[in-house]
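With compact mmCIF, N, CA, C and O atoms inside, this is my_file.txt:
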# COMPACT_ATOMS: atom_id res chain seq x y z
N MET J 213 -71.64 140.20 315.25
CA MET J 213 -72.69 139.45 315.91
C MET J 213 -72.52 137.96 315.65
O MET J 213 -72.14 137.57 314.56
N LYS J 214 -72.80 137.20 316.64
CA LYS J 214 -72.75 135.75 316.50
C LYS J 214 -74.19 135.24 316.43
O LYS J 214 -75.03 135.59 317.25
N TRP J 215 -74.49 134.42 315.43
CA TRP J 215 -75.81 133.83 315.24
C TRP J 215 -75.86 132.57 316.08
O TRP J 215 -75.06 131.65 315.92
N ASN J 216 -76.85 132.48 316.97
CA ASN J 216 -76.90 131.42 317.97
C ASN J 216 -78.18 130.59 317.88
O ASN J 216 -78.69 130.14 318.89
N LEU J 217 -78.71 130.40 316.68
CA LEU J 217 -79.98 129.69 316.52
C LEU J 217 -79.90 128.25 316.98
O LEU J 217 -80.78 127.77 317.69
N ARG J 218 -78.87 127.56 316.58
CA ARG J 218 -78.79 126.12 316.86
C ARG J 218 -78.77 125.81 318.36
O ARG J 218 -79.48 124.93 318.83
N LEU J 219 -77.99 126.57 319.11
CA LEU J 219 -77.92 126.34 320.56
C LEU J 219 -79.22 126.74 321.23
O LEU J 219 -79.70 126.04 322.14
N THR J 220 -79.82 127.84 320.78
CA THR J 220 -81.09 128.28 321.35
C THR J 220 -82.17 127.23 321.10
O THR J 220 -82.96 126.91 322.00
N ALA J 221 -82.20 126.68 319.89
CA ALA J 221 -83.17 125.64 319.56
C ALA J 221 -82.92 124.38 320.40
O ALA J 221 -83.86 123.77 320.91
N ALA J 222 -81.66 124.01 320.56
CA ALA J 222 -81.33 122.82 321.36
C ALA J 222 -81.78 122.99 322.80
O ALA J 222 -82.26 122.05 323.44
N ASN J 223 -81.64 124.20 323.33
CA ASN J 223 -82.09 124.47 324.70
C ASN J 223 -83.60 124.31 324.85
O ASN J 223 -84.10 124.11 325.95
N LYS J 224 -84.32 124.42 323.73
CA LYS J 224 -85.79 124.25 323.74
C LYS J 224 -86.19 122.85 323.29
O LYS J 224 -87.37 122.58 323.07
N GLY J 225 -85.21 121.95 323.09
CA GLY J 225 -85.51 120.57 322.73
C GLY J 225 -85.68 120.34 321.23
O GLY J 225 -86.16 119.30 320.82
N ILE J 226 -85.27 121.29 320.41
CA ILE J 226 -85.35 121.13 318.95
C ILE J 226 -83.94 120.84 318.46
O ILE J 226 -83.04 121.66 318.57
N TRP J 227 -83.77 119.62 317.90
CA TRP J 227 -82.44 119.16 317.52
C TRP J 227 -82.22 119.10 316.02
O TRP J 227 -81.09 118.91 315.58
N LYS J 228 -83.29 119.24 315.24
CA LYS J 228 -83.15 119.14 313.78
C LYS J 228 -83.73 120.38 313.12
O LYS J 228 -84.74 120.92 313.55
N ALA J 229 -83.08 120.78 312.02
CA ALA J 229 -83.54 121.94 311.27
C ALA J 229 -84.95 121.72 310.72
O ALA J 229 -85.78 122.63 310.72
N SER J 230 -85.24 120.51 310.29
CA SER J 230 -86.57 120.20 309.73
C SER J 230 -87.66 120.33 310.79
O SER J 230 -88.78 120.76 310.50
N GLU J 231 -87.32 120.02 312.02
CA GLU J 231 -88.26 120.16 313.13
C GLU J 231 -88.61 121.64 313.36
O GLU J 231 -89.77 122.01 313.51
N LEU J 232 -87.58 122.48 313.36
CA LEU J 232 -87.79 123.91 313.52
C LEU J 232 -88.54 124.48 312.31
O LEU J 232 -89.44 125.31 312.46
N GLN J 233 -88.20 124.01 311.12
CA GLN J 233 -88.85 124.47 309.90
C GLN J 233 -90.35 124.20 309.95
O GLN J 233 -91.16 125.05 309.59
N ARG J 234 -90.74 123.02 310.43
CA ARG J 234 -92.17 122.70 310.57
C ARG J 234 -92.86 123.61 311.58
O ARG J 234 -93.96 124.10 311.34
N SER J 235 -92.20 123.85 312.69
CA SER J 235 -92.78 124.72 313.72
C SER J 235 -92.94 126.15 313.21
O SER J 235 -93.93 126.81 313.50
N LEU J 236 -91.96 126.62 312.46
CA LEU J 236 -92.05 127.97 311.88
C LEU J 236 -93.20 128.05 310.89
O LEU J 236 -93.94 129.04 310.86
N ALA J 237 -93.37 127.00 310.07
CA ALA J 237 -94.46 126.97 309.09
C ALA J 237 -95.82 126.99 309.80
O ALA J 237 -96.76 127.63 309.31
N GLU J 238 -95.94 126.33 310.92
CA GLU J 238 -97.19 126.32 311.69
C GLU J 238 -97.53 127.73 312.19
O GLU J 238 -98.69 128.03 312.44
N HIS J 239 -96.52 128.57 312.33
CA HIS J 239 -96.72 129.95 312.79
C HIS J 239 -96.72 130.94 311.63
O HIS J 239 -96.62 132.15 311.84
N GLY J 240 -96.79 130.42 310.39
CA GLY J 240 -96.92 131.29 309.22
C GLY J 240 -95.63 131.68 308.53
O GLY J 240 -95.65 132.45 307.58
N LEU J 241 -94.50 131.17 308.97
CA LEU J 241 -93.23 131.48 308.33
C LEU J 241 -92.74 130.26 307.56
O LEU J 241 -92.20 129.32 308.13
N VAL J 242 -92.97 130.28 306.25
CA VAL J 242 -92.56 129.17 305.39
C VAL J 242 -91.17 129.50 304.84
O VAL J 242 -90.98 130.52 304.17
N ILE J 243 -90.21 128.65 305.15
CA ILE J 243 -88.81 128.86 304.75
C ILE J 243 -88.38 127.71 303.86
O ILE J 243 -88.65 126.55 304.18
N SER J 244 -87.70 128.03 302.77
CA SER J 244 -87.20 126.99 301.87
C SER J 244 -86.13 126.17 302.58
O SER J 244 -85.52 126.62 303.56
N ALA J 245 -85.88 124.98 302.06
CA ALA J 245 -84.88 124.10 302.67
C ALA J 245 -83.49 124.75 302.63
O ALA J 245 -82.72 124.64 303.58
N GLY J 246 -83.19 125.43 301.53
CA GLY J 246 -81.88 126.08 301.41
C GLY J 246 -81.69 127.19 302.42
O GLY J 246 -80.64 127.30 303.05
N LYS J 247 -82.71 128.04 302.57
CA LYS J 247 -82.60 129.13 303.54
C LYS J 247 -82.56 128.57 304.96
O LYS J 247 -81.82 129.06 305.81
N MET J 248 -83.35 127.52 305.22
CA MET J 248 -83.35 126.91 306.55
C MET J 248 -81.97 126.33 306.86
O MET J 248 -81.47 126.46 307.98
N SER J 249 -81.35 125.74 305.86
CA SER J 249 -80.00 125.19 306.06
C SER J 249 -79.02 126.30 306.42
O SER J 249 -78.18 126.13 307.31
N GLY J 250 -79.14 127.45 305.75
CA GLY J 250 -78.27 128.58 306.07
C GLY J 250 -78.50 129.13 307.46
O GLY J 250 -77.56 129.47 308.17
N LEU J 251 -79.77 129.19 307.86
CA LEU J 251 -80.10 129.67 309.21
C LEU J 251 -79.57 128.71 310.27
O LEU J 251 -79.07 129.12 311.31
N TRP J 252 -79.70 127.41 309.99
CA TRP J 252 -79.35 126.39 310.97
C TRP J 252 -77.84 126.20 311.11
O TRP J 252 -77.33 126.07 312.21
N SER J 253 -77.13 126.21 309.99
CA SER J 253 -75.72 125.83 310.04
C SER J 253 -74.74 126.97 309.95
O SER J 253 -73.55 126.77 310.11
N GLY J 254 -75.21 128.18 309.69
CA GLY J 254 -74.25 129.26 309.54
C GLY J 254 -74.79 130.59 309.97
O GLY J 254 -75.73 130.69 310.76
N GLN J 255 -74.19 131.61 309.44
CA GLN J 255 -74.57 132.99 309.72
C GLN J 255 -75.48 133.46 308.58
O GLN J 255 -75.07 133.46 307.44
N PRO J 256 -76.72 133.85 308.87
CA PRO J 256 -77.60 134.28 307.79
C PRO J 256 -77.10 135.57 307.14
O PRO J 256 -76.59 136.46 307.82
N VAL J 257 -77.24 135.64 305.82
CA VAL J 257 -76.83 136.83 305.09
C VAL J 257 -77.81 137.96 305.37
O VAL J 257 -77.43 139.09 305.62
N SER J 258 -79.10 137.63 305.33
CA SER J 258 -80.13 138.62 305.65
C SER J 258 -81.31 137.90 306.27
O SER J 258 -81.55 136.72 306.00
N LEU J 259 -82.04 138.63 307.10
CA LEU J 259 -83.19 138.07 307.78
C LEU J 259 -84.13 139.21 308.12
O LEU J 259 -83.70 140.22 308.67
N LYS J 260 -85.40 139.05 307.77
CA LYS J 260 -86.38 140.09 308.06
C LYS J 260 -86.66 140.14 309.56
O LYS J 260 -86.65 139.11 310.24
N LEU J 261 -86.95 141.33 310.04
CA LEU J 261 -87.28 141.48 311.46
C LEU J 261 -88.54 140.70 311.81
O LEU J 261 -88.63 140.14 312.91
N GLU J 262 -89.50 140.64 310.89
CA GLU J 262 -90.72 139.88 311.13
C GLU J 262 -90.40 138.39 311.30
O GLU J 262 -91.02 137.70 312.11
N ASP J 263 -89.42 137.90 310.52
CA ASP J 263 -89.02 136.50 310.64
C ASP J 263 -88.36 136.24 311.99
O ASP J 263 -88.57 135.20 312.61
N LEU J 264 -87.57 137.20 312.46
CA LEU J 264 -86.97 137.07 313.79
C LEU J 264 -88.04 136.99 314.87
O LEU J 264 -87.90 136.23 315.83
N ASP J 265 -89.11 137.77 314.70
CA ASP J 265 -90.21 137.72 315.66
C ASP J 265 -90.81 136.32 315.73
O ASP J 265 -91.04 135.79 316.81
N VAL J 266 -91.04 135.72 314.57
CA VAL J 266 -91.64 134.37 314.53
C VAL J 266 -90.68 133.35 315.14
O VAL J 266 -91.11 132.49 315.92
N ILE J 267 -89.40 133.46 314.83
CA ILE J 267 -88.42 132.53 315.39
C ILE J 267 -88.41 132.64 316.92
O ILE J 267 -88.40 131.63 317.63
N CYS J 268 -88.45 133.86 317.43
CA CYS J 268 -88.47 134.06 318.89
C CYS J 268 -89.72 133.49 319.52
O CYS J 268 -89.66 132.89 320.60
N VAL J 269 -90.87 133.63 318.85
CA VAL J 269 -92.13 133.07 319.38
C VAL J 269 -92.04 131.55 319.41
O VAL J 269 -92.38 130.92 320.41
N VAL J 270 -91.59 130.95 318.32
CA VAL J 270 -91.52 129.49 318.23
C VAL J 270 -90.56 128.92 319.28
O VAL J 270 -90.86 127.91 319.91
N LEU J 271 -89.42 129.59 319.46
CA LEU J 271 -88.43 129.09 320.41
C LEU J 271 -88.66 129.59 321.83
O LEU J 271 -87.99 129.14 322.75
N GLY J 272 -89.59 130.53 322.00
CA GLY J 272 -89.84 131.08 323.33
C GLY J 272 -88.60 131.77 323.88
O GLY J 272 -88.24 131.58 325.04
N CYS J 273 -87.95 132.56 323.03
CA CYS J 273 -86.70 133.20 323.44
C CYS J 273 -86.75 134.69 323.15
O CYS J 273 -87.70 135.20 322.58
N GLU J 274 -85.71 135.38 323.56
CA GLU J 274 -85.53 136.80 323.29
C GLU J 274 -84.53 136.96 322.15
O GLU J 274 -83.75 136.03 321.87
N ILE J 275 -84.51 138.12 321.54
CA ILE J 275 -83.59 138.38 320.44
C ILE J 275 -82.14 138.23 320.90
O ILE J 275 -81.28 137.78 320.14
N GLY J 276 -81.87 138.55 322.15
CA GLY J 276 -80.52 138.42 322.69
C GLY J 276 -80.05 136.99 322.80
O GLY J 276 -78.84 136.73 322.93
N ASP J 277 -80.98 136.04 322.76
CA ASP J 277 -80.59 134.63 322.76
C ASP J 277 -80.11 134.20 321.38
O ASP J 277 -79.30 133.28 321.25
N LEU J 278 -80.63 134.85 320.33
CA LEU J 278 -80.27 134.50 318.95
C LEU J 278 -79.07 135.28 318.43
O LEU J 278 -78.28 134.76 317.65
N LEU J 279 -78.95 136.52 318.84
CA LEU J 279 -77.86 137.39 318.38
C LEU J 279 -76.99 137.79 319.55
O LEU J 279 -77.43 138.49 320.46
N ILE J 280 -75.75 137.34 319.54
CA ILE J 280 -74.84 137.63 320.64
C ILE J 280 -73.80 138.64 320.15
O ILE J 280 -73.07 138.36 319.18
N PRO J 281 -73.72 139.82 320.78
CA PRO J 281 -72.74 140.82 320.34
C PRO J 281 -71.31 140.35 320.55
O PRO J 281 -71.01 139.64 321.52
N GLU J 282 -70.45 140.74 319.62
CA GLU J 282 -69.02 140.44 319.73
C GLU J 282 -68.24 141.75 319.53
O GLU J 282 -67.64 141.96 318.48
N PRO J 283 -68.26 142.64 320.53
CA PRO J 283 -67.62 143.95 320.35
C PRO J 283 -66.11 143.86 320.13
O PRO J 283 -65.53 144.77 319.56
N GLY J 284 -65.48 142.80 320.54
CA GLY J 284 -64.04 142.65 320.34
C GLY J 284 -63.65 142.54 318.88
O GLY J 284 -62.49 142.76 318.52
N LYS J 285 -64.59 142.19 318.01
CA LYS J 285 -64.30 142.05 316.58
C LYS J 285 -64.36 143.38 315.84
O LYS J 285 -64.00 143.44 314.67
N VAL J 286 -64.82 144.42 316.51
CA VAL J 286 -64.95 145.73 315.86
C VAL J 286 -63.71 146.55 316.15
O VAL J 286 -63.32 146.73 317.31
N SER J 287 -63.08 147.06 315.08
CA SER J 287 -61.91 147.92 315.28
C SER J 287 -62.31 149.36 315.02
O SER J 287 -63.09 149.65 314.13
N ARG J 288 -61.78 150.24 315.82
CA ARG J 288 -62.06 151.66 315.67
C ARG J 288 -60.97 152.28 314.81
O ARG J 288 -59.82 151.86 314.86
N PRO J 289 -61.33 153.30 314.01
CA PRO J 289 -60.32 153.93 313.15
C PRO J 289 -59.11 154.45 313.91
O PRO J 289 -57.99 154.34 313.45
N ASP J 290 -59.31 155.00 315.10
CA ASP J 290 -58.18 155.53 315.86
C ASP J 290 -57.27 154.41 316.36
O ASP J 290 -56.08 154.60 316.55
N GLN J 291 -57.81 153.21 316.54
CA GLN J 291 -56.98 152.07 316.93
C GLN J 291 -56.09 151.66 315.77
O GLN J 291 -54.94 151.32 315.96
N GLN J 292 -56.62 151.68 314.55
CA GLN J 292 -55.83 151.34 313.37
C GLN J 292 -54.67 152.33 313.22
O GLN J 292 -53.57 151.94 312.92
N ALA J 293 -54.94 153.62 313.40
CA ALA J 293 -53.90 154.64 313.27
C ALA J 293 -52.82 154.42 314.33
O ALA J 293 -51.64 154.56 314.05
N GLY J 294 -53.22 154.08 315.54
CA GLY J 294 -52.27 153.83 316.62
C GLY J 294 -51.38 152.65 316.31
O GLY J 294 -50.18 152.68 316.56
N VAL J 295 -51.93 151.61 315.73
CA VAL J 295 -51.15 150.44 315.35
C VAL J 295 -50.17 150.81 314.24
O VAL J 295 -49.00 150.46 314.29
N GLN J 296 -50.65 151.56 313.26
CA GLN J 296 -49.80 151.95 312.15
C GLN J 296 -48.67 152.87 312.64
O GLN J 296 -47.53 152.74 312.22
N GLU J 297 -48.99 153.78 313.56
CA GLU J 297 -47.98 154.69 314.09
C GLU J 297 -46.92 153.92 314.87
O GLU J 297 -45.73 154.21 314.77
N ALA J 298 -47.36 152.92 315.62
CA ALA J 298 -46.42 152.15 316.42
C ALA J 298 -45.48 151.33 315.54
O ALA J 298 -44.31 151.15 315.88
N THR J 299 -45.95 150.85 314.41
CA THR J 299 -45.12 150.00 313.56
C THR J 299 -44.24 150.79 312.62
O THR J 299 -43.13 150.39 312.32
N THR J 300 -44.70 151.95 312.13
CA THR J 300 -43.92 152.71 311.15
C THR J 300 -43.29 153.95 311.75
O THR J 300 -42.39 154.53 311.16
N GLY J 301 -43.79 154.42 312.86
CA GLY J 301 -43.25 155.62 313.47
C GLY J 301 -43.91 156.89 312.98
O GLY J 301 -43.61 157.96 313.45
N SER J 302 -44.80 156.80 312.01
CA SER J 302 -45.49 158.00 311.52
C SER J 302 -46.96 157.66 311.26
O SER J 302 -47.32 156.51 311.00
N VAL J 303 -47.78 158.69 311.35
CA VAL J 303 -49.21 158.51 311.12
C VAL J 303 -49.49 158.76 309.65
O VAL J 303 -49.09 159.78 309.09
N VAL J 304 -50.16 157.81 309.01
CA VAL J 304 -50.53 157.95 307.60
C VAL J 304 -52.04 158.10 307.53
O VAL J 304 -52.78 157.23 307.96
N ALA J 305 -52.48 159.24 307.00
CA ALA J 305 -53.92 159.49 306.88
C ALA J 305 -54.47 158.70 305.70
O ALA J 305 -53.81 158.58 304.66
N PRO J 306 -55.67 158.12 305.84
CA PRO J 306 -56.25 157.38 304.73
C PRO J 306 -56.61 158.33 303.59
O PRO J 306 -56.94 159.49 303.81
N ALA J 307 -56.49 157.84 302.36
CA ALA J 307 -56.82 158.64 301.19
C ALA J 307 -58.31 158.93 301.15
O ALA J 307 -59.13 158.06 301.44
N VAL J 308 -58.65 160.17 300.81
CA VAL J 308 -60.04 160.57 300.72
C VAL J 308 -60.45 160.51 299.25
O VAL J 308 -59.82 161.12 298.39
N VAL J 309 -61.51 159.75 298.97
CA VAL J 309 -62.01 159.63 297.61
C VAL J 309 -63.40 160.22 297.57
O VAL J 309 -64.32 159.72 298.23
N PRO J 310 -63.61 161.33 296.83
CA PRO J 310 -64.93 161.94 296.79
C PRO J 310 -65.92 161.06 296.05
O PRO J 310 -65.57 160.34 295.12
N LYS J 311 -67.16 161.09 296.50
CA LYS J 311 -68.23 160.34 295.86
C LYS J 311 -69.44 161.24 295.71
O LYS J 311 -69.72 162.06 296.57
N ARG J 312 -70.13 161.06 294.62
CA ARG J 312 -71.34 161.82 294.40
C ARG J 312 -72.48 161.18 295.18
O ARG J 312 -72.52 159.96 295.35
N ARG J 313 -73.42 161.97 295.62
CA ARG J 313 -74.55 161.45 296.39
C ARG J 313 -75.61 160.79 295.51
O ARG J 313 -76.38 159.98 295.98
N ASP J 314 -75.62 161.13 294.23
CA ASP J 314 -76.67 160.57 293.36
C ASP J 314 -76.25 159.25 292.73
O ASP J 314 -76.96 158.70 291.92
N GLY J 315 -75.07 158.73 293.08
CA GLY J 315 -74.65 157.42 292.60
C GLY J 315 -73.90 157.45 291.28
O GLY J 315 -73.35 156.44 290.85
N ARG J 316 -73.87 158.59 290.59
CA ARG J 316 -73.17 158.68 289.32
C ARG J 316 -71.67 158.77 289.57
O ARG J 316 -71.21 159.20 290.60
N SER J 317 -70.90 158.39 288.56
CA SER J 317 -69.45 158.46 288.70
C SER J 317 -68.96 159.89 288.51
O SER J 317 -69.63 160.72 287.91
N LEU J 318 -67.78 160.13 289.02
CA LEU J 318 -67.17 161.44 288.87
C LEU J 318 -66.53 161.54 287.49
O LEU J 318 -66.16 160.54 286.89
N PRO J 319 -66.35 162.77 286.98
CA PRO J 319 -65.69 162.92 285.68
C PRO J 319 -64.22 162.54 285.80
O PRO J 319 -63.64 162.59 286.89
N PRO J 320 -63.61 162.12 284.69
CA PRO J 320 -62.19 161.74 284.74
C PRO J 320 -61.32 162.93 285.09
O PRO J 320 -61.63 164.07 284.78
N MET J 321 -60.20 162.66 285.76
CA MET J 321 -59.29 163.74 286.17
C MET J 321 -58.21 163.93 285.16
O MET J 321 -57.79 163.18 284.45
Output the file's structure in the form of structure tokens.
Amino acid sequence: MKWNLRLTAANKGIWKASELQRSLAEHGLVISAGKMSGLWSGQPVSLKLEDLDVICVVLGCEIGDLLIPEPGKVSRPDQQAGVQEATTGSVVAPAVVPKRRDGRSLPPM
């Protein structure tokens, strides 16, 4: 996914992160300067759905304006195998490592 906040804000006449931060605060979403900087200049690590709702209301936009899918960046496992087969001439199955469901480690082998 591509985060498109800056362009969406510019289309609504908001050119500065501090301007958007004030508007968000007026709608009940208080964001620290550090988090606002991350939202404005890069790809957010995490963002609550409620916060996305407020951002969409403030900017008068849809979620699709903020998040743009990039399906070309996703590789499928069968594509990886096909590439490996083409380069080496044989299919190599990935190693299977068992994991416990309760989070505990497995006993030594």
Open item on the list: Report, in Å to a single decimal, how far apart atom O of Trp252 of chain J and atom CA of Arg218 of chain J are.
Closed with: 4.9 Å
Open item on the list: Quick check, in Å to one decimal: how far apart do atom O of Ile243 of chain J and atom CA of Asp263 of chain J lie?
Closed with: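 The value is 11.9 Å.
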Open item on the list: Given all atoms listed in the file as the basis, pick out the residue of J:Arg234, J:Arg288, J:Lys214, J:His239 nearest to Glu262 of chain J.
Closed with: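 The answer is J:His239, which sits nearest to Glu262 of chain J.
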- [ ] Find the residue from J:Leu217, J:Cys268, J:Val242, J:Met248 that sits nearest to Ser230 of chain J; use all atoms listed in the file when measuring.
- [x]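 Ranking J:Leu217, J:Cys268, J:Val242, J:Met248 by distance to Ser230 of chain J, first place goes to J:Met248.
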- [ ] In Å, rounded to a single decimal, give me how far atom CA of Leu219 of chain J is from atom C of Ser287 of chain J.
- [x]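 Result for atom C of Ser287 of chain J versus atom CA of Leu219 of chain J: 28.4 Å, one decimal.
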Task: Residue with smallest distance to Asn216 of chain J - pool J:Ala307, J:Val270, J:Leu251, J:Val257, counting only C-alpha atoms - done: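 Of J:Ala307, J:Val270, J:Leu251, J:Val257, the one nearest Asn216 of chain J is J:Leu251, counting only C-alpha atoms.
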Please identify all polymer residues within 7 Å of Ile280 of chain J, counting all atoms listed in the file, omitting same-chain residues fewer than 3 positions from it, and present them as a JSON list (two decimals) with N, CA, C and O atoms, in the frame of the given file.
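Output below, filename out.json:
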[["chain", "number", "residue", "atom", "x", "y", "z"],
["J", 213, "MET", "N", -71.64, 140.20, 315.25],
["J", 213, "MET", "CA", -72.69, 139.45, 315.91],
["J", 213, "MET", "C", -72.52, 137.96, 315.65],
["J", 213, "MET", "O", -72.14, 137.57, 314.56],
["J", 214, "LYS", "N", -72.80, 137.20, 316.64],
["J", 214, "LYS", "CA", -72.75, 135.75, 316.50],
["J", 214, "LYS", "C", -74.19, 135.24, 316.43],
["J", 214, "LYS", "O", -75.03, 135.59, 317.25],
["J", 215, "TRP", "N", -74.49, 134.42, 315.43],
["J", 215, "TRP", "CA", -75.81, 133.83, 315.24],
["J", 215, "TRP", "C", -75.86, 132.57, 316.08],
["J", 215, "TRP", "O", -75.06, 131.65, 315.92],
["J", 216, "ASN", "N", -76.85, 132.48, 316.97],
["J", 216, "ASN", "CA", -76.90, 131.42, 317.97],
["J", 216, "ASN", "C", -78.18, 130.59, 317.88],
["J", 216, "ASN", "O", -78.69, 130.14, 318.89],
["J", 275, "ILE", "N", -84.51, 138.12, 321.54],
["J", 275, "ILE", "CA", -83.59, 138.38, 320.44],
["J", 275, "ILE", "C", -82.14, 138.23, 320.90],
["J", 275, "ILE", "O", -81.28, 137.78, 320.14],
["J", 276, "GLY", "N", -81.87, 138.55, 322.15],
["J", 276, "GLY", "CA", -80.52, 138.42, 322.69],
["J", 276, "GLY", "C", -80.05, 136.99, 322.80],
["J", 276, "GLY", "O", -78.84, 136.73, 322.93],
["J", 277, "ASP", "N", -80.98, 136.04, 322.76],
["J", 277, "ASP", "CA", -80.59, 134.63, 322.76],
["J", 277, "ASP", "C", -80.11, 134.20, 321.38],
["J", 277, "ASP", "O", -79.30, 133.28, 321.25],
["J", 283, "PRO", "N", -68.26, 142.64, 320.53],
["J", 283, "PRO", "CA", -67.62, 143.95, 320.35],
["J", 283, "PRO", "C", -66.11, 143.86, 320.13],
["J", 283, "PRO", "O", -65.53, 144.77, 319.56]]
Open item on the list: Let me make sure I understand: among J:Leu279, J:Ala237, J:Ile267, J:Leu232, which one has the smallest atom-to-atom distance to Gln255 of chain J if we use only C-alpha atoms?
Closed with: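 Of the candidates, the smallest distance to Gln255 of chain J is held by J:Leu279.
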Open item on the list: For a quick check of understanding, using all atoms listed in the file, which of J:Asp265, J:Pro289, J:Arg313, J:Leu271 has the smallest distance to Asn223 of chain J?
Closed with: J:Leu271
